[in-house]
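Colleague: Submitted below is the structure of interest, expressed as structure tokens.
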Amino acid sequence: MKIMITGAAGWLGRYVAELLGDRHELVLLDQADPEQATVFDPEAPGGRSVSPLRTPWPYHRTALADEDGLRAALAGVDVVVHLAGKPTGDWETAEETIATNVVGTFNIHRAAVRAGVRRVVSASSINAFGTFFWRVSGLSPVRRALPLTEDEPAVPEDPYSLSKLTGELVAATFHRAFGLETLPLRFAGVWPEQRYDRLLTDGLPASTGWADDLWQWVHVRDVSAGIVAAAEAAVVTPEPIVLAAADTCAPEPTLDLVRRYRPDLAPHLTAPLPGRAPLLSIDRARTRLGYAPRFTLDAAPVATP
């Protein structure tokens, strides 16, 4: 297949291109100058570091608002993996977030239909639930049931969560209207390899209270493999799918955490929680994509205070 990746100069885009490039023809698209491209780096000032992109694949330096540029990049493309986005929930920059994540996602889907593309796999986020980060009200989210599934009603309070939920509606709309195959993927908090390796050595900090983020996480290589599975799957539907780890990032058994910190939720558990089982369900990913995350924190010790 011929696959276009948006946000290809970014951190995750490079992992996905590495996997897909082994067996598919790629087209890369990003608005960044490849020589000045930056990638996510939690240890760098501002959280990003300069990392020039070197690639054998065609590279289109194109903004998501550039209709002509998108048309040229999409020529002959079968599948789009749409990773470009702005990951901030700050209300001060809400217009830019909505323009990038909502309008940009609309533009990609519309351009895909016009170009005869078969499928668009798009980067959503667990923020589409509206219950994880940037809770403006400061109130702890109300959970209907745990483990949390994609069917939980969304309650966004910030522009990023709103933008990701709206992007999912955009994908479903283009599927209904034009028959475009669409699949939004809700990524958990994606960990770089360095963070994962460090915690295996330093250990996981003991929990001191309930975590509204449900102690969720996912290794960058697992989420990349899930994206590839979505691009290559024989059949997809527009319902969102969570890609997360198969365990929590807490050292304690999950059921102990629920009983200790949120006993009110214990009657609402819908599945067994053996060991450090996740409170964010990946059953849909397992069933529909054959998703099988390889990275766990089972070997991580408890960090010394």
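Starting from 1 in every chain, residues are counted up; chains themselves are A, B, ... following the order of the structure tokens, and ligands are numbered from 1 as listed.
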Among segment 32-263 of chain A, which residues does DSSP mark as helix (DSSP H, G or I) when it is run on the backbone? Keep the chain and numbering as in the structure and answer as a PyMOL selection string.

Modeller: chain A and resi 34-36+45-47+67-73+91-115+126-129+159-178+193-202+220-232+254-261+263

Colleague: Set out as a Markdown table a contact list for segment 201-252 of chain A and segment 146-153 of chain A with a cut-off of 8 Å, giving each residue of segment 201-252 of chain A that qualifies its closest atom pair and distance in Å to one decimal, counting only C-alpha atoms, ordered by chain and rising residue number.

Modeller:
| residue | atom | partner | partner_atom | distance |
| --- | --- | --- | --- | --- |
| A:Pro240 | CA | A:Glu150 | CA | 6.7 |
| A:Ile241 | CA | A:Glu150 | CA | 6.8 |
| A:Val242 | CA | A:Glu150 | CA | 7.0 |

Colleague: Find the residues around segment 82-99 of chain A up to 10 Å (only C-alpha atoms counted), leave out those fewer than 3 positions away in its own chain, and share them as an MDAnalysis selection string.

Modeller: chainID A and resid 4:10 12:13 16 29:31 63:65 79 102:106 108:109 120:125 127 133:136 157:164 166:167 184 227

Colleague: Please save C-alpha atoms of the selected residues as a PDB file, in the first residue's frame.

Modeller:
ATOM      1  CA  MET A   4       0.788   8.994   3.944  1.00  0.00           C
ATOM      2  CA  ILE A   5       1.777   9.992   7.492  1.00  0.00           C
ATOM      3  CA  THR A   6       0.980  13.497   8.723  1.00  0.00           C
ATOM      4  CA  GLY A   7       3.050  14.911  11.550  1.00  0.00           C
ATOM      5  CA  ALA A   8       5.793  12.724  10.101  1.00  0.00           C
ATOM      6  CA  ALA A   9       8.673  14.856  11.384  1.00  0.00           C
ATOM      7  CA  GLY A  10       7.487  14.450  14.956  1.00  0.00           C
ATOM      8  CA  LEU A  12       5.696   9.402  17.092  1.00  0.00           C
ATOM      9  CA  GLY A  13       5.601   9.844  13.325  1.00  0.00           C
ATOM     10  CA  VAL A  16       5.403   4.720  12.804  1.00  0.00           C
ATOM     11  CA  LEU A  29       3.847  15.268   5.382  1.00  0.00           C
ATOM     12  CA  ASP A  30       4.623  17.904   7.999  1.00  0.00           C
ATOM     13  CA  GLN A  31       4.707  21.689   8.098  1.00  0.00           C
ATOM     14  CA  ALA A  63       0.280  22.797   6.332  1.00  0.00           C
ATOM     15  CA  LEU A  64      -3.064  21.128   6.980  1.00  0.00           C
ATOM     16  CA  ALA A  65      -4.778  24.270   5.664  1.00  0.00           C
ATOM     17  CA  VAL A  79      -4.285   5.034   3.601  1.00  0.00           C
ATOM     18  CA  VAL A 102     -10.407  20.115  14.457  1.00  0.00           C
ATOM     19  CA  VAL A 103     -10.119  22.091  11.237  1.00  0.00           C
ATOM     20  CA  GLY A 104      -6.905  20.274  10.303  1.00  0.00           C
ATOM     21  CA  THR A 105      -8.559  16.898  10.865  1.00  0.00           C
ATOM     22  CA  PHE A 106     -11.561  17.999   8.793  1.00  0.00           C
ATOM     23  CA  ILE A 108      -7.409  15.786   5.963  1.00  0.00           C
ATOM     24  CA  HIS A 109     -10.628  13.788   5.751  1.00  0.00           C
ATOM     25  CA  VAL A 120      -7.902   7.507   7.404  1.00  0.00           C
ATOM     26  CA  VAL A 121      -6.495   6.375  10.759  1.00  0.00           C
ATOM     27  CA  SER A 122      -6.378   9.412  13.037  1.00  0.00           C
ATOM     28  CA  ALA A 123      -4.667  10.201  16.319  1.00  0.00           C
ATOM     29  CA  SER A 124      -7.267  10.890  18.950  1.00  0.00           C
ATOM     30  CA  SER A 125      -6.455  10.721  22.651  1.00  0.00           C
ATOM     31  CA  ASN A 127      -8.419  13.119  26.521  1.00  0.00           C
ATOM     32  CA  PHE A 133      -6.107  16.015  32.134  1.00  0.00           C
ATOM     33  CA  TRP A 134      -6.795  19.759  32.179  1.00  0.00           C
ATOM     34  CA  ARG A 135      -9.841  19.430  34.420  1.00  0.00           C
ATOM     35  CA  VAL A 136     -10.625  23.147  34.553  1.00  0.00           C
ATOM     36  CA  GLU A 157     -13.616  20.798  30.006  1.00  0.00           C
ATOM     37  CA  ASP A 158     -10.653  21.999  27.944  1.00  0.00           C
ATOM     38  CA  PRO A 159      -9.983  22.791  24.264  1.00  0.00           C
ATOM     39  CA  TYR A 160      -7.680  19.832  23.651  1.00  0.00           C
ATOM     40  CA  SER A 161     -10.138  17.260  24.969  1.00  0.00           C
ATOM     41  CA  LEU A 162     -12.915  19.013  23.039  1.00  0.00           C
ATOM     42  CA  SER A 163     -10.809  19.005  19.878  1.00  0.00           C
ATOM     43  CA  LYS A 164     -10.071  15.280  20.093  1.00  0.00           C
ATOM     44  CA  THR A 166     -14.750  16.593  17.813  1.00  0.00           C
ATOM     45  CA  GLY A 167     -12.103  14.983  15.599  1.00  0.00           C
ATOM     46  CA  PRO A 184      -9.751   7.294  15.564  1.00  0.00           C
ATOM     47  CA  ILE A 227      -1.267   2.360  14.659  1.00  0.00           C
TER      48      ILE A 227
END

Colleague: Between A:Leu28, A:Gly226, A:Trp11, A:Ala145, which residue has the minimum interatomic distance to Arg48 of chain A, considering only C-alpha atoms?

Modeller: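 Distance minimum relative to Arg48 of chain A lands on A:Trp11.
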
Colleague: Rank A:Ala266, A:Ala111, A:Ala32, A:Val39 by their smallest atom-to-atom distance to His60 of chain A, using only C-alpha atoms, and report the top residue only.

Modeller: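 Using only C-alpha atoms, His60 of chain A sits closest to A:Ala32.
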
Colleague: When distances are computed from only C-alpha atoms, which of A:Pro253, A:Val142, A:Asn107, A:Val27 shows the smallest separation from His268 of chain A?

Modeller: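 Residue with the minimum atom-to-atom distance to His268 of chain A: A:Val142.
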
Colleague: Once DSSP has gone over the backbone, tell me which residues of segment 163-254 of chain A are in strand (DSSP E), as number ranges by chain.

Modeller: A: 181-187, 190-191, 218-219, 241-243

Colleague: Separation of atom CA of Arg54 of chain A and atom CA of Leu20 of chain A, in Å?

Modeller: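 Result for atom CA of Arg54 of chain A versus atom CA of Leu20 of chain A: 15.9 Å, one decimal.
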
Colleague: So how many Å separate atom CA of Ala211 of chain A and atom CA of Asp256 of chain A, to one decimal?

Modeller: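 Interatomic distance, atom CA of Ala211 of chain A to atom CA of Asp256 of chain A: 13.2 Å.
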